[in-house]
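Text of upload29.txt (compact mmCIF, C-alpha atoms) as supplied:
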```txt
# COMPACT_ATOMS: atom_id res chain seq x y z
CA MET A 1 89.94 157.52 108.84
CA ALA A 2 86.95 159.14 107.22
CA THR A 3 86.81 161.96 109.76
CA SER A 4 90.51 162.73 109.38
CA MET A 5 90.10 162.78 105.60
CA ALA A 6 87.14 165.12 105.88
CA ARG A 7 89.07 167.33 108.31
CA SER A 8 92.10 167.60 105.99
CA GLY A 9 89.76 168.29 103.08
CA LEU A 10 88.12 171.11 105.02
CA ARG A 11 91.52 172.49 106.03
CA SER A 12 92.77 172.61 102.43
CA ALA A 13 89.49 174.14 101.28
CA SER A 14 89.72 176.89 103.89
CA LEU A 15 93.36 177.49 102.92
CA LEU A 16 92.30 177.84 99.30
CA LEU A 17 89.52 180.25 100.24
CA ARG A 18 91.89 182.38 102.31
CA ARG A 19 94.41 182.49 99.48
CA GLY A 20 91.62 183.39 97.05
CA ALA A 21 90.43 186.24 99.26
CA LYS A 22 93.92 187.67 99.59
CA GLY A 23 94.97 187.44 95.93
CA LYS A 24 93.51 189.51 93.13
CA ARG A 25 92.18 186.49 91.26
CA SER A 26 91.70 183.00 92.61
CA PHE A 27 91.91 181.34 89.19
CA SER A 28 95.54 182.00 88.32
CA VAL A 29 98.61 182.70 90.37
CA SER A 30 100.33 185.34 88.27
CA ALA A 31 100.66 186.77 84.77
CA HIS A 32 103.98 184.98 84.45
CA ASP A 33 102.27 181.63 85.06
CA ASP A 34 99.63 182.48 82.48
CA ALA A 35 102.33 183.26 79.91
CA HIS A 36 103.91 179.89 80.65
CA GLU A 37 100.55 178.11 80.37
CA THR A 38 99.78 179.97 77.11
CA ALA A 39 103.02 178.67 75.57
CA LYS A 40 102.32 175.14 76.87
CA TRP A 41 98.80 174.96 75.45
CA GLU A 42 99.97 176.50 72.18
CA LYS A 43 102.39 173.57 71.82
CA ILE A 44 99.68 171.04 72.76
CA THR A 45 97.41 172.57 70.11
CA TYR A 46 100.13 172.26 67.45
CA ALA A 47 100.72 168.64 68.46
CA GLY A 48 96.97 168.00 68.17
CA ILE A 49 96.81 169.66 64.73
CA ALA A 50 99.82 167.60 63.53
CA THR A 51 98.23 164.35 64.78
CA CYS A 52 94.90 165.14 63.15
CA THR A 53 96.59 166.09 59.85
CA ILE A 54 98.54 162.81 59.71
CA LEU A 55 95.38 160.85 60.59
CA SER A 56 93.39 162.70 57.90
CA ILE A 57 95.97 162.06 55.18
CA TYR A 58 96.15 158.38 56.13
CA ASN A 59 92.36 158.02 56.27
CA LEU A 60 91.55 159.89 53.08
CA SER A 61 94.24 158.08 51.06
CA LYS A 62 92.62 154.73 51.94
CA GLY A 63 89.38 155.49 50.06
CA HIS A 64 86.05 154.30 51.36
CA PRO A 65 84.24 150.95 50.99
CA HIS A 66 81.09 150.62 48.90
CA HIS A 67 78.18 148.79 50.46
CA GLU A 68 75.76 146.59 48.58
CA GLU A 69 72.08 147.47 48.57
CA PRO A 70 70.37 145.29 51.25
CA PRO A 71 67.17 143.30 50.57
CA ALA A 72 63.98 145.31 51.15
CA TYR A 73 63.43 144.35 54.79
CA PRO A 74 60.25 145.92 56.19
CA TYR A 75 62.18 147.90 58.78
CA LEU A 76 64.35 149.64 56.16
CA HIS A 77 63.36 152.79 54.26
CA ILE A 78 60.29 153.31 56.45
CA ARG A 79 57.52 155.51 54.99
CA ASN A 80 54.44 155.90 57.17
CA LYS A 81 53.20 159.08 55.46
CA GLU A 82 54.44 161.62 52.95
CA PHE A 83 57.03 164.19 53.85
CA PRO A 84 55.86 167.79 53.39
CA TRP A 85 58.59 168.31 50.76
CA GLY A 86 58.36 165.15 48.66
CA PRO A 87 59.16 161.43 48.52
CA ASP A 88 62.75 161.49 49.87
CA GLY A 89 64.08 162.15 53.35
CA LEU A 90 66.15 165.33 53.66
CA PHE A 91 69.56 163.65 53.27
CA GLU A 92 68.44 160.50 51.47
CA SER A 93 69.13 161.21 47.79
CA LYS A 94 71.82 158.49 47.86
CA HIS A 95 69.06 155.85 47.74
CA HIS A 96 68.13 156.76 44.16
CA MET B 1 67.30 208.49 86.07
CA ILE B 2 69.55 206.82 88.56
CA GLU B 3 71.32 209.52 90.57
CA SER B 4 73.47 207.29 92.71
CA GLN B 5 73.43 203.54 92.67
CA ARG B 6 74.22 202.12 96.10
CA HIS B 7 74.16 198.45 95.09
CA SER B 8 75.96 196.32 92.52
CA TYR B 9 72.93 194.90 90.74
CA HIS B 10 71.78 195.66 87.22
CA LEU B 11 68.18 196.90 87.03
CA VAL B 12 67.38 196.31 83.38
CA ASP B 13 65.40 198.70 81.18
CA PRO B 14 62.09 197.59 79.68
CA SER B 15 62.80 195.62 76.52
CA PRO B 16 60.62 194.41 73.63
CA TRP B 17 62.65 191.21 73.09
CA PRO B 18 60.87 188.85 75.54
CA ILE B 19 57.53 189.39 73.79
CA SER B 20 59.04 189.30 70.29
CA GLY B 21 60.81 186.03 71.14
CA SER B 22 57.55 184.60 72.49
CA LEU B 23 55.64 185.56 69.35
CA GLY B 24 58.42 184.03 67.25
CA ALA B 25 58.19 180.79 69.24
CA LEU B 26 54.39 180.74 68.85
CA ALA B 27 54.64 181.25 65.07
CA THR B 28 57.33 178.56 64.85
CA THR B 29 55.31 175.90 66.70
CA VAL B 30 52.00 176.68 64.96
CA GLY B 31 53.77 176.98 61.58
CA GLY B 32 55.68 173.75 62.22
CA VAL B 33 52.49 171.81 62.97
CA MET B 34 50.77 173.33 59.92
CA TYR B 35 53.76 172.43 57.75
CA MET B 36 53.86 168.81 58.93
CA HIS B 37 50.11 168.42 58.32
CA PRO B 38 48.69 169.44 54.98
CA PHE B 39 47.75 173.04 55.82
CA GLN B 40 48.35 175.90 53.42
CA GLY B 41 50.84 178.55 54.47
CA GLY B 42 52.59 176.32 57.03
CA ALA B 43 56.02 176.73 55.43
CA THR B 44 55.58 180.53 55.31
CA LEU B 45 54.54 180.81 58.97
CA LEU B 46 57.34 178.44 60.05
CA SER B 47 59.97 180.47 58.17
CA LEU B 48 58.62 183.75 59.54
CA GLY B 49 58.69 182.35 63.08
CA LEU B 50 62.28 181.13 62.72
CA ILE B 51 63.39 184.48 61.24
CA PHE B 52 61.65 186.26 64.16
CA ILE B 53 63.45 184.07 66.73
CA LEU B 54 66.85 184.52 65.05
CA TYR B 55 66.30 188.28 64.85
CA THR B 56 65.31 188.40 68.55
CA MET B 57 68.41 186.40 69.52
CA PHE B 58 70.62 188.81 67.58
CA VAL B 59 69.18 192.05 68.98
CA TRP B 60 68.78 190.72 72.55
CA TRP B 61 72.39 189.55 72.77
CA ARG B 62 73.50 192.79 71.08
CA ASP B 63 71.75 194.69 73.92
CA VAL B 64 73.39 192.48 76.57
CA LEU B 65 76.82 193.10 75.03
CA ARG B 66 76.17 196.85 74.99
CA GLU B 67 75.02 196.83 78.64
CA SER B 68 78.14 194.91 79.59
CA THR B 69 80.87 196.35 77.37
CA LEU B 70 79.76 199.96 76.87
CA GLU B 71 77.59 200.70 79.92
CA GLY B 72 79.52 198.68 82.50
CA HIS B 73 76.47 197.13 84.14
CA HIS B 74 78.04 193.70 84.53
CA THR B 75 79.62 193.99 87.96
CA LYS B 76 81.06 190.93 89.74
CA ALA B 77 77.64 190.33 91.32
CA VAL B 78 75.86 190.61 87.97
CA GLN B 79 78.39 188.26 86.32
CA LEU B 80 77.25 185.48 88.67
CA GLY B 81 73.90 185.40 86.83
CA PRO B 82 75.25 184.41 83.38
CA ARG B 83 77.75 182.08 85.07
CA TYR B 84 75.07 180.08 86.91
CA GLY B 85 72.85 180.32 83.84
CA SER B 86 75.55 178.86 81.56
CA ILE B 87 76.32 176.04 83.99
CA LEU B 88 72.63 175.13 84.37
CA PHE B 89 72.18 175.30 80.59
CA ILE B 90 75.09 172.88 80.06
CA VAL B 91 73.72 170.54 82.76
CA SER B 92 70.36 170.51 80.94
CA GLU B 93 72.18 169.75 77.67
CA VAL B 94 73.93 166.80 79.31
CA MET B 95 70.50 165.43 80.29
CA PHE B 96 69.16 166.06 76.78
CA LEU B 97 71.98 164.05 75.13
CA PHE B 98 71.80 161.39 77.86
CA ALA B 99 68.30 160.52 76.64
CA PHE B 100 69.60 159.73 73.13
CA PHE B 101 72.35 157.48 74.45
CA TRP B 102 69.74 155.80 76.63
CA ALA B 103 67.57 155.19 73.54
CA SER B 104 70.53 153.80 71.62
CA SER B 105 71.59 151.48 74.46
CA HIS B 106 68.00 150.41 75.11
CA SER B 107 67.59 149.37 71.46
CA SER B 108 70.99 147.76 70.99
CA LEU B 109 71.49 145.85 74.27
CA ALA B 110 68.50 143.58 73.61
CA PRO B 111 67.66 143.84 69.88
CA THR B 112 64.05 142.87 69.12
CA VAL B 113 62.98 140.07 66.73
CA GLU B 114 61.57 142.66 64.30
CA ILE B 115 65.11 143.69 63.35
CA GLY B 116 66.45 140.13 63.25
CA GLY B 117 67.42 139.94 66.93
CA ILE B 118 70.88 141.34 66.20
CA TRP B 119 72.67 144.70 66.41
CA PRO B 120 73.32 146.30 63.96
CA PRO B 121 70.01 145.10 62.45
CA LYS B 122 70.23 142.67 59.52
CA GLY B 123 70.83 144.54 56.25
CA ILE B 124 72.31 147.67 57.88
CA GLY B 125 75.75 148.46 56.50
CA VAL B 126 77.61 150.28 59.26
CA LEU B 127 80.54 152.67 59.00
CA ASP B 128 83.98 151.38 59.92
CA PRO B 129 84.56 153.11 63.30
CA TRP B 130 88.30 153.34 62.60
CA GLU B 131 87.85 155.47 59.48
CA ILE B 132 86.19 158.92 59.59
CA PRO B 133 84.59 158.41 63.06
CA PHE B 134 88.02 157.74 64.60
CA LEU B 135 89.60 160.58 62.64
CA ASN B 136 86.91 162.98 63.81
CA THR B 137 87.31 162.08 67.50
CA PRO B 138 90.73 163.75 68.22
CA ILE B 139 89.86 166.88 66.21
CA LEU B 140 87.43 168.17 68.86
CA PRO B 141 89.75 167.61 71.87
CA SER B 142 92.53 169.37 69.87
CA SER B 143 90.14 172.24 69.40
CA GLY B 144 89.52 172.06 73.17
CA ALA B 145 93.28 172.44 73.70
CA ALA B 146 93.23 175.49 71.42
CA VAL B 147 90.42 177.11 73.45
CA THR B 148 92.49 176.53 76.64
CA TRP B 149 95.39 178.23 74.85
CA ALA B 150 93.05 181.16 74.09
CA HIS B 151 91.93 181.29 77.75
CA HIS B 152 95.49 181.49 79.10
CA ALA B 153 96.38 184.06 76.44
CA ILE B 154 93.47 186.26 77.59
CA LEU B 155 94.54 185.88 81.26
CA ALA B 156 98.14 186.71 80.34
CA GLY B 157 96.99 189.81 78.45
CA LYS B 158 98.29 188.51 75.10
CA GLU B 159 95.41 189.84 73.04
CA LYS B 160 96.73 188.92 69.59
CA ARG B 161 97.71 185.39 70.63
CA ALA B 162 94.18 184.91 71.96
CA VAL B 163 92.75 185.86 68.56
CA TYR B 164 95.09 183.38 66.81
CA ALA B 165 94.14 180.67 69.30
CA LEU B 166 90.45 181.30 68.69
CA VAL B 167 91.03 181.14 64.92
CA ALA B 168 92.71 177.74 65.47
CA THR B 169 89.78 176.60 67.67
CA VAL B 170 87.16 177.61 65.11
CA SER B 171 89.15 176.15 62.18
CA LEU B 172 89.39 172.76 63.89
CA ALA B 173 85.66 172.96 64.66
CA LEU B 174 84.84 173.64 61.00
CA VAL B 175 87.07 170.76 59.86
CA SER B 176 85.24 168.49 62.30
CA THR B 177 81.84 169.56 60.94
CA GLY B 178 83.13 169.02 57.39
CA PHE B 179 84.19 165.46 58.17
CA GLN B 180 80.85 164.82 59.90
CA GLY B 181 79.08 165.92 56.71
CA MET B 182 81.33 163.64 54.64
CA GLU B 183 80.58 160.75 57.00
CA TYR B 184 76.83 161.30 56.71
CA TYR B 185 77.13 161.44 52.93
CA GLN B 186 78.99 158.13 52.84
CA ALA B 187 76.95 156.40 55.57
CA PRO B 188 74.88 153.57 54.04
CA PRO B 189 71.88 153.83 56.44
CA THR B 190 69.55 156.83 56.63
CA ILE B 191 67.45 158.05 59.55
CA SER B 192 64.47 156.05 58.21
CA ASP B 193 66.37 152.72 58.18
CA SER B 194 65.20 150.89 61.31
CA ILE B 195 65.82 151.83 64.93
CA TYR B 196 69.56 151.78 64.12
CA GLY B 197 69.20 154.74 61.73
CA SER B 198 66.89 156.60 64.13
CA THR B 199 69.15 156.33 67.17
CA PHE B 200 72.38 156.77 65.19
CA PHE B 201 71.35 159.97 63.42
CA LEU B 202 69.47 161.42 66.41
CA ALA B 203 72.50 161.08 68.73
CA THR B 204 75.29 161.96 66.29
CA GLY B 205 73.16 164.60 64.55
CA PHE B 206 72.32 166.42 67.78
CA HIS B 207 75.97 166.24 68.78
CA GLY B 208 76.93 167.74 65.40
CA PHE B 209 74.31 170.45 65.88
CA HIS B 210 75.87 171.30 69.25
CA VAL B 211 79.28 171.50 67.57
CA ILE B 212 77.79 174.07 65.17
CA ILE B 213 76.25 176.09 68.06
CA GLY B 214 79.59 176.03 69.92
CA THR B 215 81.40 177.12 66.75
CA LEU B 216 79.09 180.15 66.36
CA PHE B 217 79.59 181.00 70.06
CA LEU B 218 83.39 180.85 69.61
CA ILE B 219 83.26 182.92 66.38
CA ILE B 220 81.42 185.67 68.31
CA CYS B 221 84.06 185.44 71.08
CA GLY B 222 86.83 185.68 68.46
CA ILE B 223 85.29 188.81 66.95
CA ARG B 224 84.84 190.36 70.42
CA GLN B 225 88.42 189.49 71.33
CA TYR B 226 89.63 191.06 68.05
CA LEU B 227 87.64 194.21 68.86
CA GLY B 228 89.24 194.36 72.30
CA GLN B 229 85.98 193.84 74.19
CA MET B 230 87.41 191.23 76.56
CA THR B 231 89.85 191.97 79.33
CA LYS B 232 91.99 189.93 81.70
CA GLU B 233 89.47 190.50 84.48
CA HIS B 234 86.19 190.40 82.58
CA HIS B 235 85.49 187.80 79.89
CA VAL B 236 82.40 185.89 81.06
CA GLY B 237 81.19 185.38 77.47
CA PHE B 238 84.44 183.67 76.56
CA GLU B 239 84.35 181.49 79.68
CA ALA B 240 80.82 180.34 78.91
CA ALA B 241 81.85 179.51 75.32
CA ALA B 242 84.88 177.57 76.61
CA TRP B 243 82.75 175.58 79.11
CA TYR B 244 80.26 174.82 76.36
CA TRP B 245 83.06 173.79 74.01
CA HIS B 246 84.60 171.42 76.54
CA PHE B 247 81.16 169.88 77.07
CA VAL B 248 80.85 169.35 73.29
CA ASP B 249 84.34 167.87 72.86
CA VAL B 250 84.07 165.52 75.86
CA VAL B 251 80.61 164.35 74.81
CA ARG B 252 82.06 163.33 71.41
CA LEU B 253 83.86 160.42 73.11
CA PHE B 254 80.53 158.82 74.11
CA PRO B 255 79.07 158.38 70.60
CA PHE B 256 82.44 157.19 69.37
CA VAL B 257 82.73 154.45 71.97
CA SER B 258 79.08 153.44 72.37
CA ILE B 259 77.51 154.09 68.95
CA TYR B 260 80.27 153.89 66.32
CA TRP B 261 82.58 151.36 67.94
CA TRP B 262 80.55 149.12 70.29
CA GLY B 263 77.32 149.56 68.30
CA GLY B 264 78.97 149.06 64.92
CA ILE B 265 80.65 145.67 65.33
```
Hey, can you dump this file as structure tokens for me?
Amino acid sequence: MATSMARSGLRSASLLLRRGAKGKRSFSVSAHDDAHETAKWEKITYAGIATCTILSIYNLSKGHPHHEEPPAYPYLHIRNKEFPWGPDGLFESKHH
Amino acid sequence: MIESQRHSYHLVDPSPWPISGSLGALATTVGGVMYMHPFQGGATLLSLGLIFILYTMFVWWRDVLRESTLEGHHTKAVQLGPRYGSILFIVSEVMFLFAFFWASSHSSLAPTVEIGGIWPPKGIGVLDPWEIPFLNTPILPSSGAAVTWAHHAILAGKEKRAVYALVATVSLALVSTGFQGMEYYQAPPTISDSIYGSTFFLATGFHGFHVIIGTLFLIICGIRQYLGQMTKEHHVGFEAAAWYWHFVDVVRLFPFVSIYWWGGI
């Protein structure tokens, strides 16, 4: 079983190699195919953009929740030494 | 002077950029240490070092593009170098990000008593994974589809379409970075709030940084495509950017599932 699988794998690999050596480029079959693929991926991109736009509108219209300030647990807002630039972390202004 | 070259390899000219990059790296590390400890002039040396490194990157890559596009030194044999280099670079990046996911899983699978024995730690308000994190997840794969569109357009010789496709790719990338910034602004925890904040911002922040690097790489490819510097047969720079971009967009799925979703409920 395993040997026959390995043999067929080798055969298809050698076929691929031979085809690659004969053709100009091994990555694509022809310019016509590339034109077809270009059109296909253009459509997929538009579908992706449409999905993301709908998701964004839905998400942004919902608004965002506001969290309450937690109790001062020792593992929150850790300060072992001063920052070179001052008391706050770089993106921490929301704490004050 | 080379009179006749009987091999397909590129013997490079002497260049000042390796030593200027090294000096920039030295100034950056020494300046960085000085800045983080109370030494005078640390910020100045750090900034100078970073400027030196950025300058070196610009002029070195400019030289490589000239050697390739204008001087024709990048034969098929020479192209193998940047191809293997790009693949090895991406493999090393996978390992780099793997460490952050390891740290996050290590801390969240068996939360310690110091943080209340639960994950997320007691008092940490987490983001709803189905809001901006979920919105931001399909934007990068869509951008990945757009870069595939650009690739096929280049192979089909549709130069203008390739430019449009790259504009779409970069636009989606910028939207993604914008939403990431919005998410960080709204996120209740900061990087100094327990091991949750440390692992969350280290993993998602480094991913976001990679998105920015990939965006710059694709912008350069878009400009080069617009200038007609890439052909059907020779566009190694674009291929490397596309590989890198697919790495970035696939990796996005891991923080979404393991950090935002599993780690946030």
Could you work out how far CA of Pro111 (chain B) lies from CA of Ile78 (chain A), giving the answer in Å with one decimal?
-> 18.0 Å
Within 6 Å of chain A: residues of chain B, using only C-alpha atoms, as a ChimeraX atom specification | /B:36,123,142,145-146,149,152-153,156,192-194
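Reported to one decimal place, the separation of CA of Tyr244 (chain B) from CA of Ile90 (chain B) is 6.6 Å.
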For CA of Gly86 (chain A) and CA of Leu45 (chain B), quote the distance in Å rounded to one decimal.
-> 19.1 Å
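Nearest to Phe100 (chain B) of all the residues B:Lys122, B:Lys232, B:His207, B:His246 is B:His207, counting all atoms listed in the file.
With all atoms listed in the file as the atoms that count, the residue of B:Trp243, B:Phe206, B:Tyr226, B:Phe217 with the shortest distance to Phe101 (chain B) is B:Phe206.
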Which residues, written as a ChimeraX atom specification, have at least one atom at most 7 Å from region 67-82 of chain B, with all atoms listed in the file counted and residues fewer than 6 positions away on the same chain left out?
-> /B:8-10,229
Find the residues near region 49-62 of chain B: any atom within 7 Å, counting only C-alpha atoms, skip ones fewer than 3 places away on the same chain, and give them as a ChimeraX atom specification.
-> /B:17,20-21,24-25,27-28,45-46,65-66
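Between Gly31 (chain B) and the residues B:Val175, B:Leu97, B:Val248, B:Ala43, the shortest atom-to-atom distance, using only C-alpha atoms, involves B:Ala43.
Across B:Ala162, B:Gln5, B:Phe89, B:Ile132, the tightest approach to Gly228 (chain B) is made by B:Ala162 when counting all atoms listed in the file.
For the choices B:Ile191, B:Ala173, B:Val64, B:Ala103, the atom-to-atom distance to Phe209 (chain B) is smallest for B:Ala173 when using only C-alpha atoms.
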Mind listing whatever residues come within 12 Å of the point (79.2, 164.5, 59.3)? Use all atoms listed in the file, file coordinates, and give them as an mmCIF file with C-alpha atoms, keeping the file's coordinate frame.
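Wrote out29.cif, looks like this:
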```cif
data_model
loop_
_atom_site.group_PDB
_atom_site.id
_atom_site.type_symbol
_atom_site.label_atom_id
_atom_site.label_comp_id
_atom_site.auth_asym_id
_atom_site.auth_seq_id
_atom_site.Cartn_x
_atom_site.Cartn_y
_atom_site.Cartn_z
ATOM 1 C CA PHE A 91 69.560 163.650 53.270
ATOM 2 C CA LEU B 127 80.540 152.670 59.000
ATOM 3 C CA ILE B 132 86.190 158.920 59.590
ATOM 4 C CA PRO B 133 84.590 158.410 63.060
ATOM 5 C CA LEU B 135 89.600 160.580 62.640
ATOM 6 C CA ASN B 136 86.910 162.980 63.810
ATOM 7 C CA THR B 137 87.310 162.080 67.500
ATOM 8 C CA ALA B 173 85.660 172.960 64.660
ATOM 9 C CA LEU B 174 84.840 173.640 61.000
ATOM 10 C CA VAL B 175 87.070 170.760 59.860
ATOM 11 C CA SER B 176 85.240 168.490 62.300
ATOM 12 C CA THR B 177 81.840 169.560 60.940
ATOM 13 C CA GLY B 178 83.130 169.020 57.390
ATOM 14 C CA PHE B 179 84.190 165.460 58.170
ATOM 15 C CA GLN B 180 80.850 164.820 59.900
ATOM 16 C CA GLY B 181 79.080 165.920 56.710
ATOM 17 C CA MET B 182 81.330 163.640 54.640
ATOM 18 C CA GLU B 183 80.580 160.750 57.000
ATOM 19 C CA TYR B 184 76.830 161.300 56.710
ATOM 20 C CA TYR B 185 77.130 161.440 52.930
ATOM 21 C CA GLN B 186 78.990 158.130 52.840
ATOM 22 C CA ALA B 187 76.950 156.400 55.570
ATOM 23 C CA PHE B 200 72.380 156.770 65.190
ATOM 24 C CA PHE B 201 71.350 159.970 63.420
ATOM 25 C CA THR B 204 75.290 161.960 66.290
ATOM 26 C CA GLY B 205 73.160 164.600 64.550
ATOM 27 C CA PHE B 206 72.320 166.420 67.780
ATOM 28 C CA HIS B 207 75.970 166.240 68.780
ATOM 29 C CA GLY B 208 76.930 167.740 65.400
ATOM 30 C CA PHE B 209 74.310 170.450 65.880
ATOM 31 C CA VAL B 211 79.280 171.500 67.570
ATOM 32 C CA ILE B 212 77.790 174.070 65.170
#
```
Axis-aligned box for region 5-17 of chain B, 3 Å per side, centre and edges in Å as AutoDock Vina command-line options:
```
--center_x 68.3 --center_y 197.4 --center_z 84.6 --size_x 21.3 --size_y 18.3 --size_z 29.0
```
